[in-house]
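This is entry.cif. It holds mmCIF, C-alpha atoms and all ligand atoms.
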data_target
#
loop_
_atom_site.label_atom_id
_atom_site.label_comp_id
_atom_site.auth_asym_id
_atom_site.auth_seq_id
_atom_site.Cartn_x
_atom_site.Cartn_y
_atom_site.Cartn_z
CA MET A 236 -26.79 4.72 -4.01
CA ALA A 237 -23.46 2.93 -3.93
CA THR A 238 -22.34 0.36 -1.43
CA ILE A 239 -19.76 2.07 0.76
CA ILE A 240 -16.69 -0.15 0.99
CA ASP A 241 -15.80 0.07 4.66
CA GLY A 242 -12.01 -0.11 4.83
CA LYS A 243 -11.92 0.73 8.50
CA THR A 244 -13.99 -2.28 9.57
CA LEU A 245 -12.18 -4.66 7.22
CA ALA A 246 -8.82 -3.32 8.44
CA ALA A 247 -9.79 -4.19 12.01
CA LYS A 248 -10.53 -7.74 10.83
CA VAL A 249 -7.19 -8.00 9.04
CA ARG A 250 -5.39 -6.79 12.18
CA GLU A 251 -7.23 -9.35 14.34
CA ARG A 252 -6.24 -12.10 11.90
CA ALA A 253 -2.62 -10.90 12.06
CA ALA A 254 -2.70 -10.79 15.87
CA VAL A 255 -3.89 -14.41 16.05
CA GLU A 256 -1.08 -15.52 13.75
CA VAL A 257 1.53 -13.48 15.65
CA ALA A 258 0.51 -15.30 18.83
CA GLN A 259 0.62 -18.70 17.11
CA LEU A 260 4.08 -18.00 15.69
CA ALA A 261 5.30 -16.78 19.09
CA GLY A 262 4.14 -20.12 20.51
CA ARG A 263 6.51 -21.81 18.08
CA GLY A 264 9.36 -19.50 19.03
CA ILE A 265 9.09 -17.34 15.92
CA ALA A 266 9.42 -13.59 16.46
CA CYS A 267 7.35 -11.17 14.36
CA GLY A 268 9.29 -7.94 14.89
CA LEU A 269 9.03 -4.92 12.62
CA ALA A 270 11.88 -2.44 12.28
CA VAL A 271 10.73 1.00 11.16
CA VAL A 272 13.45 3.36 9.94
CA LEU A 273 12.72 7.07 9.62
CA VAL A 274 15.45 9.37 8.31
CA GLY A 275 15.11 13.12 8.78
CA ASP A 276 12.25 15.18 10.14
CA ASP A 277 9.52 15.15 7.53
CA GLN A 278 6.36 15.73 9.57
CA ALA A 279 4.01 13.65 7.40
CA SER A 280 6.43 10.71 7.50
CA ALA A 281 6.73 10.99 11.28
CA THR A 282 2.93 10.84 11.56
CA TYR A 283 2.74 7.75 9.31
CA VAL A 284 5.45 6.04 11.34
CA ARG A 285 3.63 6.75 14.61
CA SER A 286 0.46 5.10 13.32
CA LYS A 287 2.42 2.08 12.06
CA LEU A 288 4.01 1.66 15.50
CA ARG A 289 0.58 1.90 17.11
CA ASP A 290 -0.77 -0.80 14.76
CA CYS A 291 2.14 -3.06 15.73
CA GLU A 292 1.31 -2.71 19.39
CA GLN A 293 -2.30 -3.65 18.69
CA CYS A 294 -1.26 -6.80 16.82
CA GLY A 295 1.34 -7.93 19.34
CA ILE A 296 4.12 -7.17 16.88
CA ARG A 297 7.25 -5.94 18.60
CA SER A 298 8.47 -2.80 16.87
CA TYR A 299 12.00 -1.47 16.63
CA ASP A 300 11.89 2.25 16.05
CA TYR A 301 14.92 3.88 14.38
CA LYS A 302 14.86 7.66 14.08
CA LEU A 303 17.93 8.86 12.23
CA SER A 304 19.06 12.41 11.65
CA ALA A 305 18.62 14.11 8.26
CA GLU A 306 22.44 14.06 7.95
CA THR A 307 22.64 10.25 8.05
CA THR A 308 25.08 9.01 5.39
CA GLN A 309 24.42 6.31 2.83
CA GLU A 310 27.00 4.10 4.56
CA GLU A 311 25.33 4.48 7.95
CA LEU A 312 21.90 3.64 6.56
CA MET A 313 23.23 0.65 4.60
CA ALA A 314 24.99 -0.62 7.72
CA LEU A 315 21.75 -0.41 9.69
CA VAL A 316 19.85 -2.32 6.98
CA GLU A 317 22.54 -5.02 7.00
CA ARG A 318 22.32 -5.30 10.76
CA LEU A 319 18.51 -5.63 10.60
CA ASN A 320 18.78 -8.21 7.79
CA ALA A 321 20.92 -10.35 10.10
CA ASP A 322 18.70 -9.92 13.19
CA SER A 323 16.42 -12.94 13.66
CA GLU A 324 14.11 -10.93 15.95
CA VAL A 325 13.33 -8.63 13.03
CA ALA A 326 10.91 -10.23 10.55
CA GLY A 327 10.13 -7.05 8.63
CA ILE A 328 12.07 -3.93 7.67
CA LEU A 329 10.35 -0.74 6.60
CA VAL A 330 12.35 2.29 5.53
CA GLN A 331 9.94 5.20 5.43
CA MET A 332 9.90 7.10 2.13
CA PRO A 333 10.77 9.63 0.90
CA LEU A 334 14.40 9.57 2.02
CA PRO A 335 16.37 12.84 2.09
CA ALA A 336 17.62 13.71 -1.42
CA HIS A 337 21.29 12.94 -0.73
CA LEU A 338 20.49 9.27 -0.09
CA ASP A 339 20.23 6.63 -2.82
CA THR A 340 16.73 5.20 -2.34
CA GLU A 341 17.14 2.40 -4.89
CA ALA A 342 20.33 1.16 -3.24
CA VAL A 343 18.66 1.12 0.18
CA VAL A 344 15.58 -0.75 -1.07
CA ALA A 345 17.77 -3.29 -2.88
CA ALA A 346 19.83 -3.87 0.27
CA ILE A 347 16.81 -5.07 2.28
CA ASP A 348 16.49 -8.87 2.48
CA PRO A 349 13.61 -9.57 0.02
CA ASP A 350 11.98 -11.87 2.60
CA LYS A 351 11.93 -8.94 5.10
CA ASP A 352 10.72 -6.39 2.55
CA VAL A 353 7.27 -5.76 4.03
CA ASP A 354 6.69 -2.84 1.63
CA GLY A 355 7.10 -5.16 -1.36
CA PHE A 356 9.34 -2.56 -3.04
CA HIS A 357 12.45 -4.75 -3.57
CA PRO A 358 13.20 -5.59 -7.23
CA MET A 359 12.98 -9.30 -6.35
CA ASN A 360 9.44 -8.89 -4.99
CA MET A 361 8.48 -6.69 -7.95
CA GLY A 362 9.81 -9.45 -10.22
CA ARG A 363 7.81 -12.07 -8.34
CA LEU A 364 4.72 -9.92 -8.83
CA VAL A 365 5.35 -9.60 -12.57
CA ARG A 366 5.82 -13.36 -12.82
CA ASP A 367 2.75 -14.24 -10.68
CA LEU A 368 4.92 -15.92 -8.04
CA PRO A 369 4.07 -15.74 -4.33
CA GLY A 370 5.85 -13.02 -2.38
CA LEU A 371 5.47 -9.84 -0.38
CA ARG A 372 3.19 -7.39 -2.21
CA PRO A 373 2.97 -3.59 -1.80
CA CYS A 374 0.45 -2.81 0.94
CA THR A 375 -1.89 -0.39 -0.86
CA PRO A 376 -2.77 -2.57 -3.86
CA ALA A 377 -2.79 -5.68 -1.63
CA GLY A 378 -5.34 -3.94 0.61
CA ILE A 379 -7.46 -3.04 -2.40
CA MET A 380 -7.52 -6.69 -3.53
CA GLU A 381 -8.70 -7.66 -0.02
CA MET A 382 -11.50 -5.10 -0.23
CA LEU A 383 -12.65 -6.37 -3.63
CA ASP A 384 -12.68 -9.95 -2.33
CA GLU A 385 -14.52 -9.01 0.87
CA TYR A 386 -17.26 -7.32 -1.17
CA GLY A 387 -17.51 -10.15 -3.69
CA ILE A 388 -16.18 -8.07 -6.59
CA ASP A 389 -14.39 -10.50 -8.92
CA PRO A 390 -12.03 -8.75 -11.36
CA ALA A 391 -12.05 -11.67 -13.83
CA GLY A 392 -13.16 -10.51 -17.27
CA LYS A 393 -13.86 -6.96 -16.05
CA ASN A 394 -12.40 -3.76 -17.45
CA ALA A 395 -10.13 -2.20 -14.84
CA VAL A 396 -8.77 1.31 -15.26
CA ILE A 397 -5.99 2.57 -13.01
CA VAL A 398 -5.30 6.30 -12.99
CA GLY A 399 -1.68 6.72 -11.90
CA ARG A 400 1.44 4.66 -12.63
CA SER A 401 3.52 4.95 -9.47
CA SER A 402 5.76 2.05 -8.47
CA ILE A 403 4.03 1.72 -5.11
CA VAL A 404 0.39 1.84 -6.24
CA GLY A 405 -0.52 2.17 -9.93
CA LYS A 406 1.93 -0.29 -11.44
CA PRO A 407 1.59 -3.09 -8.87
CA MET A 408 -2.18 -2.55 -8.81
CA SER A 409 -2.40 -3.10 -12.56
CA LEU A 410 -0.35 -6.31 -12.26
CA MET A 411 -2.44 -7.65 -9.37
CA LEU A 412 -5.69 -7.03 -11.24
CA LEU A 413 -4.15 -8.59 -14.35
CA ALA A 414 -3.22 -11.68 -12.33
CA ARG A 415 -6.90 -11.92 -11.42
CA HIS A 416 -7.82 -11.82 -15.11
CA ALA A 417 -9.06 -8.25 -15.49
CA THR A 418 -8.48 -6.29 -18.71
CA ILE A 419 -6.20 -3.43 -17.73
CA SER A 420 -5.78 0.19 -18.81
CA VAL A 421 -3.36 2.50 -17.04
CA ALA A 422 -3.88 6.24 -17.46
CA HIS A 423 -1.34 8.77 -16.21
CA SER A 424 -0.24 12.39 -16.36
CA ARG A 425 0.64 12.13 -20.08
CA THR A 426 -2.64 10.51 -21.09
CA ASP A 427 -4.54 12.81 -23.47
CA PRO A 428 -6.74 14.78 -21.05
CA HIS A 429 -9.55 14.77 -23.61
CA GLU A 430 -9.49 10.96 -23.58
CA LEU A 431 -9.32 10.51 -19.83
CA ALA A 432 -13.05 10.70 -19.11
CA ARG A 433 -13.82 8.22 -21.91
CA ILE A 434 -11.16 5.79 -20.66
CA CYS A 435 -12.53 5.97 -17.12
CA GLN A 436 -16.08 5.45 -18.42
CA SER A 437 -14.99 2.03 -19.75
CA ALA A 438 -14.07 0.87 -16.24
CA ASP A 439 -16.00 -1.73 -14.29
CA ILE A 440 -13.33 -1.23 -11.64
CA LEU A 441 -11.78 2.24 -11.45
CA VAL A 442 -8.75 2.86 -9.22
CA ALA A 443 -7.87 6.52 -8.76
CA ALA A 444 -4.26 6.93 -7.63
CA CYS A 445 -3.16 10.16 -9.27
CA GLY A 446 -2.82 12.43 -6.24
CA VAL A 447 -5.03 15.17 -7.66
CA PRO A 448 -7.88 16.25 -5.33
CA LYS A 449 -11.35 15.27 -6.63
CA MET A 450 -10.09 14.78 -10.21
CA VAL A 451 -12.40 11.85 -11.06
CA LYS A 452 -15.94 13.16 -11.56
CA GLY A 453 -19.25 11.33 -11.41
CA THR A 454 -19.70 11.81 -15.18
CA TRP A 455 -16.50 9.75 -15.73
CA ILE A 456 -17.98 6.73 -14.00
CA LYS A 457 -19.86 3.86 -15.62
CA PRO A 458 -23.14 3.31 -13.72
CA GLY A 459 -22.65 0.50 -11.22
CA ALA A 460 -18.83 0.54 -11.40
CA THR A 461 -16.60 -0.12 -8.40
CA VAL A 462 -14.62 3.00 -7.54
CA ILE A 463 -11.47 2.75 -5.41
CA ASP A 464 -10.02 6.03 -4.19
CA VAL A 465 -6.35 5.92 -3.18
CA GLY A 466 -6.09 9.71 -2.78
CA MET A 467 -5.18 11.44 0.48
CA ASP A 468 -5.52 15.04 -0.59
CA ARG A 469 -6.75 18.35 0.76
CA ASP A 470 -9.50 20.29 -0.99
CA ASP A 471 -9.56 24.10 -1.38
CA ALA A 472 -10.95 24.42 2.14
CA GLY A 473 -8.11 22.31 3.53
CA LYS A 474 -10.42 19.35 4.21
CA LEU A 475 -9.18 15.78 3.68
CA CYS A 476 -10.46 14.36 0.38
CA GLY A 477 -9.60 11.79 -2.24
CA ASP A 478 -8.78 11.73 -5.96
CA VAL A 479 -12.49 11.07 -6.61
CA ASP A 480 -15.18 13.72 -6.33
CA PHE A 481 -17.21 11.60 -3.91
CA ALA A 482 -20.36 13.75 -4.01
CA SER A 483 -20.84 13.30 -7.76
CA ALA A 484 -19.40 9.76 -7.96
CA GLU A 485 -21.31 8.06 -5.17
CA PRO A 486 -24.78 8.29 -6.81
CA VAL A 487 -23.40 6.67 -10.02
CA ALA A 488 -21.06 4.01 -8.63
CA GLY A 489 -22.13 0.52 -7.57
CA ALA A 490 -19.54 0.49 -4.77
CA ILE A 491 -17.08 3.13 -3.62
CA THR A 492 -14.40 3.61 -0.99
CA PRO A 493 -14.67 6.72 1.21
CA VAL A 494 -11.79 9.02 2.16
CA PRO A 495 -11.02 8.74 5.00
CA GLY A 496 -12.00 5.21 6.01
CA GLY A 497 -11.32 3.33 2.78
CA VAL A 498 -7.93 2.50 1.28
CA GLY A 499 -5.85 4.22 4.01
CA PRO A 500 -6.74 1.92 6.93
CA MET A 501 -6.38 -1.13 4.68
CA THR A 502 -2.87 -0.09 3.61
CA ARG A 503 -1.81 0.05 7.24
CA ALA A 504 -3.49 -3.27 8.06
CA MET A 505 -1.78 -5.03 5.15
CA LEU A 506 1.58 -3.99 6.57
CA MET A 507 0.73 -6.03 9.67
CA SER A 508 -0.26 -9.01 7.59
CA ASN A 509 2.95 -8.63 5.53
CA VAL A 510 5.02 -8.78 8.75
CA VAL A 511 3.35 -12.11 9.55
CA LEU A 512 3.94 -13.36 6.00
CA ALA A 513 7.58 -12.26 6.19
CA ALA A 514 8.08 -14.18 9.46
CA LYS A 515 6.58 -17.27 7.84
CA LEU A 516 8.72 -16.96 4.70
CA GLN A 517 11.89 -16.73 6.78
CA ASN A 518 10.92 -19.88 8.63
CA GLY A 519 9.92 -21.91 5.58
CA LEU A 520 6.21 -21.80 6.47
N1 LIG B 1 5.83 6.66 2.22
C1 LIG B 1 4.58 6.81 1.75
N2 LIG B 1 3.99 5.60 1.62
C2 LIG B 1 4.90 4.69 2.01
C3 LIG B 1 4.87 3.28 2.10
O1 LIG B 1 3.90 2.60 1.78
N3 LIG B 1 6.01 2.70 2.57
C4 LIG B 1 7.10 3.40 2.90
N4 LIG B 1 8.18 2.74 3.33
N5 LIG B 1 7.15 4.71 2.82
C5 LIG B 1 6.05 5.35 2.38
#
What is this structure when it is put down as structure tokens?
Amino acid sequence: MATIIDGKTLAAKVRERAAVEVAQLAGRGIACGLAVVLVGDDQASATYVRSKLRDCEQCGIRSYDYKLSAETTQEELMALVERLNADSEVAGILVQMPLPAHLDTEAVVAAIDPDKDVDGFHPMNMGRLVRDLPGLRPCTPAGIMEMLDEYGIDPAGKNAVIVGRSSIVGKPMSLMLLARHATISVAHSRTDPHELARICQSADILVAACGVPKMVKGTWIKPGATVIDVGMDRDDAGKLCGDVDFASAEPVAGAITPVPGGVGPMTRAMLMSNVVLAAKLQNGL
């Protein structure tokens, strides 16, 4: 029986910590505002944005909600980012992804002031991550590191396997575990499928971030391993599930995150703590 890593409870703690700091900063005249920019009418994105705005309210973070039409031009979006960069009430800027196809995502991300980049997607923040320098880190892997720390799971000297190499999860996750002295393997869609199970079996810490429902089976898991499930998928019956087949994995794992209630809530909570960090960075704290 694995320890269930309770992301929901830890997320509440992270939000409380953020709320305390927001109040302290406000007392010193420092505003912790978050601007959230949503372009177009993608329903999933709209839902994510709504929950982010709700989290802000809970933490005492003032939110600035920008809903732009799907026909927004590159120039209009860049002008908005510039305006938000210059606004001292706005500590953090989040442009919800994916952007409509006609917009240049890389140019938009690069236009955000790196000290306001609460997603940690800016090339400067990615560079800081590569070089082990302090900076804003992507929320999902940052939340996973918090969970490991909370449960006393020290990556140092452990074998960590990350399944998935996205810029927002897999790649930064591998770098953050590397910075904490784990030995890293990154598997991805071009990894030999016959090798995948064996690679996963070498993991003391296994992070599944491939976006394939229930792909990681219990037989792929080293007994006692820590299993982190980043997936937010639907199974054949349309029920929410992760990238890990929880039913077969849980009896083998030493600790495991559930879906829902694991990585998801922590990702959202880390956004709040990144807004606080961003406000501090901009004020030399
Ligand atoms: N779309 C899906 N996940 C994310 C995220 O973490 N940040 C942003 N900005 N957009 C997303």
At a cut-off of 7 Å, using only C-alpha atoms, what residues contact Leu441 of chain A? Leave out same-chain residues fewer than 4 positions from it and give the result as a PyMOL selection string. chain A and resi 395-397+435+461-463
C-alpha atoms of the current selection, written as a PDB file, keeping the file's coordinate frame:
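Result file part22.pdb:
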ATOM      1  CA  ALA A 395     -10.130  -2.200 -14.840  1.00  0.00           C
ATOM      2  CA  VAL A 396      -8.770   1.310 -15.260  1.00  0.00           C
ATOM      3  CA  ILE A 397      -5.990   2.570 -13.010  1.00  0.00           C
ATOM      4  CA  CYS A 435     -12.530   5.970 -17.120  1.00  0.00           C
ATOM      5  CA  THR A 461     -16.600  -0.120  -8.400  1.00  0.00           C
ATOM      6  CA  VAL A 462     -14.620   3.000  -7.540  1.00  0.00           C
ATOM      7  CA  ILE A 463     -11.470   2.750  -5.410  1.00  0.00           C
TER       8      ILE A 463
END
Within 7 Å of ligand LIG 1 (chain B) (only C-alpha atoms and all ligand atoms), residues as a PyMOL selection string: chain A and resi 280+329-333+354+374+403
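Using all atoms listed in the file for every distance, the candidate list A:Val451, A:Glu381, A:Thr426, A:Asn394 yields A:Glu381 as the residue closest to Ile240 of chain A.
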Closest pair table for segment 299-402 of chain A residues within 12 Å of segment 264-275 of chain A, all atoms listed in the file, as a Markdown table:
| residue | atom | partner | partner_atom | distance |
| --- | --- | --- | --- | --- |
| A:Tyr299 | CA | A:Ala270 | CA | 4.5 |
| A:Asp300 | CA | A:Val271 | CA | 5.2 |
| A:Tyr301 | CA | A:Val272 | CA | 4.7 |
| A:Lys302 | CA | A:Leu273 | CA | 5.0 |
| A:Leu303 | CA | A:Val274 | CA | 4.7 |
| A:Ser304 | CA | A:Gly275 | CA | 4.9 |
| A:Ala305 | CA | A:Gly275 | CA | 3.7 |
| A:Glu306 | CA | A:Gly275 | CA | 7.4 |
| A:Thr307 | CA | A:Val274 | CA | 7.2 |
| A:Thr308 | CA | A:Val274 | CA | 10.1 |
| A:Gln309 | CA | A:Val274 | CA | 10.9 |
| A:Glu311 | CA | A:Val274 | CA | 11.0 |
| A:Leu312 | CA | A:Val274 | CA | 8.8 |
| A:Met313 | CA | A:Val272 | CA | 11.5 |
| A:Leu315 | CA | A:Val272 | CA | 9.1 |
| A:Val316 | CA | A:Val272 | CA | 9.1 |
| A:Arg318 | CA | A:Ala270 | CA | 10.9 |
| A:Leu319 | CA | A:Ala270 | CA | 7.5 |
| A:Asn320 | CA | A:Ala270 | CA | 10.1 |
| A:Asp322 | CA | A:Gly268 | CA | 9.8 |
| A:Ser323 | CA | A:Ala266 | CA | 7.6 |
| A:Glu324 | CA | A:Ala266 | CA | 5.4 |
| A:Val325 | CA | A:Gly268 | CA | 4.5 |
| A:Ala326 | CA | A:Gly268 | CA | 5.2 |
| A:Gly327 | CA | A:Leu269 | CA | 4.7 |
| A:Ile328 | CA | A:Ala270 | CA | 4.8 |
| A:Leu329 | CA | A:Val271 | CA | 4.9 |
| A:Val330 | CA | A:Val272 | CA | 4.7 |
| A:Gln331 | CA | A:Leu273 | CA | 5.4 |
| A:Met332 | CA | A:Leu273 | CA | 8.0 |
| A:Pro333 | CA | A:Val274 | CA | 8.8 |
| A:Leu334 | CA | A:Val274 | CA | 6.4 |
| A:Pro335 | CA | A:Gly275 | CA | 6.8 |
| A:Ala336 | CA | A:Gly275 | CA | 10.5 |
| A:His337 | CA | A:Val274 | CA | 11.3 |
| A:Leu338 | CA | A:Val274 | CA | 9.8 |
| A:Thr340 | CA | A:Val274 | CA | 11.5 |
| A:Val343 | CA | A:Val272 | CA | 11.3 |
| A:Val344 | CA | A:Val272 | CA | 11.9 |
| A:Ile347 | CA | A:Ala270 | CA | 11.5 |
| A:Lys351 | CA | A:Leu269 | CA | 9.0 |
| A:Asp352 | CA | A:Leu269 | CA | 10.3 |
| A:Val353 | CA | A:Leu269 | CA | 8.8 |
| A:Asp354 | CA | A:Val271 | CA | 11.0 |
Could the residues in this selection be saved with C-alpha atoms as a compact mmCIF listing (two decimals), keeping the file's coordinate frame?
# COMPACT_ATOMS: atom_id res chain seq x y z
CA TYR A 299 12.00 -1.47 16.63
CA ASP A 300 11.89 2.25 16.05
CA TYR A 301 14.92 3.88 14.38
CA LYS A 302 14.86 7.66 14.08
CA LEU A 303 17.93 8.86 12.23
CA SER A 304 19.06 12.41 11.65
CA ALA A 305 18.62 14.11 8.26
CA GLU A 306 22.44 14.06 7.95
CA THR A 307 22.64 10.25 8.05
CA THR A 308 25.08 9.01 5.39
CA GLN A 309 24.42 6.31 2.83
CA GLU A 311 25.33 4.48 7.95
CA LEU A 312 21.90 3.64 6.56
CA MET A 313 23.23 0.65 4.60
CA LEU A 315 21.75 -0.41 9.69
CA VAL A 316 19.85 -2.32 6.98
CA ARG A 318 22.32 -5.30 10.76
CA LEU A 319 18.51 -5.63 10.60
CA ASN A 320 18.78 -8.21 7.79
CA ASP A 322 18.70 -9.92 13.19
CA SER A 323 16.42 -12.94 13.66
CA GLU A 324 14.11 -10.93 15.95
CA VAL A 325 13.33 -8.63 13.03
CA ALA A 326 10.91 -10.23 10.55
CA GLY A 327 10.13 -7.05 8.63
CA ILE A 328 12.07 -3.93 7.67
CA LEU A 329 10.35 -0.74 6.60
CA VAL A 330 12.35 2.29 5.53
CA GLN A 331 9.94 5.20 5.43
CA MET A 332 9.90 7.10 2.13
CA PRO A 333 10.77 9.63 0.90
CA LEU A 334 14.40 9.57 2.02
CA PRO A 335 16.37 12.84 2.09
CA ALA A 336 17.62 13.71 -1.42
CA HIS A 337 21.29 12.94 -0.73
CA LEU A 338 20.49 9.27 -0.09
CA THR A 340 16.73 5.20 -2.34
CA VAL A 343 18.66 1.12 0.18
CA VAL A 344 15.58 -0.75 -1.07
CA ILE A 347 16.81 -5.07 2.28
CA LYS A 351 11.93 -8.94 5.10
CA ASP A 352 10.72 -6.39 2.55
CA VAL A 353 7.27 -5.76 4.03
CA ASP A 354 6.69 -2.84 1.63
Per residue of segment 443-473 of chain A within 12 Å of segment 491-501 of chain A, which atom pair is closest and at what distance in Å (one decimal), using only C-alpha atoms, listed by chain and increasing number, as a Markdown table?
| residue | atom | partner | partner_atom | distance |
| --- | --- | --- | --- | --- |
| A:Ala443 | CA | A:Thr492 | CA | 10.6 |
| A:Ala444 | CA | A:Val498 | CA | 10.6 |
| A:Pro448 | CA | A:Val494 | CA | 11.1 |
| A:Lys449 | CA | A:Val494 | CA | 10.8 |
| A:Gly453 | CA | A:Ile491 | CA | 11.5 |
| A:Ile456 | CA | A:Ile491 | CA | 11.0 |
| A:Pro458 | CA | A:Ile491 | CA | 11.8 |
| A:Gly459 | CA | A:Ile491 | CA | 9.8 |
| A:Ala460 | CA | A:Ile491 | CA | 8.4 |
| A:Thr461 | CA | A:Ile491 | CA | 5.8 |
| A:Val462 | CA | A:Ile491 | CA | 4.6 |
| A:Ile463 | CA | A:Thr492 | CA | 5.4 |
| A:Asp464 | CA | A:Thr492 | CA | 5.9 |
| A:Val465 | CA | A:Val498 | CA | 5.8 |
| A:Gly466 | CA | A:Val494 | CA | 7.6 |
| A:Met467 | CA | A:Val494 | CA | 7.2 |
| A:Asp468 | CA | A:Val494 | CA | 9.1 |
| A:Arg469 | CA | A:Val494 | CA | 10.7 |
| A:Asp470 | CA | A:Val494 | CA | 11.9 |
Cut-off 12 Å: closest segment 373-439 of chain A/segment 246-261 of chain A atom pairs per residue, using all atoms listed in the file, as CSV:
residue,atom,partner,partner_atom,distance
A:Cys374,CA,A:Ala246,CA,11.9
A:Thr375,CA,A:Ala246,CA,12.0
A:Ala377,CA,A:Val249,CA,11.8
A:Gly378,CA,A:Ala246,CA,8.6
A:Ile379,CA,A:Ala246,CA,10.9
A:Glu381,CA,A:Val249,CA,9.2
A:Met382,CA,A:Ala246,CA,9.2
A:Glu385,CA,A:Lys248,CA,10.8
Point (-0.5, -3.5, -6.4) neighbourhood (7 Å, all atoms listed in the file) written as a PDB file with C-alpha atoms, in the coordinates of the input:
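Once written, out.pdb looks like this:
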ATOM      1  CA  ARG A 372       3.190  -7.390  -2.210  1.00  0.00           C
ATOM      2  CA  PRO A 373       2.970  -3.590  -1.800  1.00  0.00           C
ATOM      3  CA  THR A 375      -1.890  -0.390  -0.860  1.00  0.00           C
ATOM      4  CA  PRO A 376      -2.770  -2.570  -3.860  1.00  0.00           C
ATOM      5  CA  ALA A 377      -2.790  -5.680  -1.630  1.00  0.00           C
ATOM      6  CA  VAL A 404       0.390   1.840  -6.240  1.00  0.00           C
ATOM      7  CA  GLY A 405      -0.520   2.170  -9.930  1.00  0.00           C
ATOM      8  CA  LYS A 406       1.930  -0.290 -11.440  1.00  0.00           C
ATOM      9  CA  PRO A 407       1.590  -3.090  -8.870  1.00  0.00           C
ATOM     10  CA  MET A 408      -2.180  -2.550  -8.810  1.00  0.00           C
ATOM     11  CA  SER A 409      -2.400  -3.100 -12.560  1.00  0.00           C
ATOM     12  CA  LEU A 410      -0.350  -6.310 -12.260  1.00  0.00           C
ATOM     13  CA  MET A 411      -2.440  -7.650  -9.370  1.00  0.00           C
TER      14      MET A 411
END
Can you pull out the residues contacting Asp367 of chain A? Cut-off 10 Å, using all atoms listed in the file, and skip same-chain residues under 3 positions away; I want them as an MDAnalysis selection string. chainID A and resid 361:364 370 410:411 413:415
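Between atom CA of Val442 of chain A and atom CA of Ala281 of chain A there is a distance of 26.9 Å.
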Quick check, in Å to one decimal: how far apart do atom CA of Val421 of chain A and atom CA of Val398 of chain A lie?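 Atom CA of Val398 of chain A lies 5.9 Å from atom CA of Val421 of chain A.
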If we count only C-alpha atoms and set the cut-off at 8 Å, which residues sit around Gly392 of chain A, ignoring sequence neighbours fewer than 3 positions away in its own chain? Please answer as JSON, numbers by chain. {"A": [416, 417, 418]}
Kindly give the distance, in Å, that separates atom CA of Gly295 of chain A and atom CA of Leu506 of chain A, rounded to a single decimal.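 A separation of 13.4 Å between them.
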Taking into account only C-alpha atoms, which residue in the set A:Gly242, A:Pro369, A:Pro358, A:Gly262 is nearest to Glu341 of chain A?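 Closest candidate: A:Pro358.
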Which residue is closest to Ala490 of chain A? Choose from A:Val365, A:Leu431, A:Ala237, A:Leu371 and count all atoms listed in the file.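 Smallest distance to Ala490 of chain A is found for A:Ala237.
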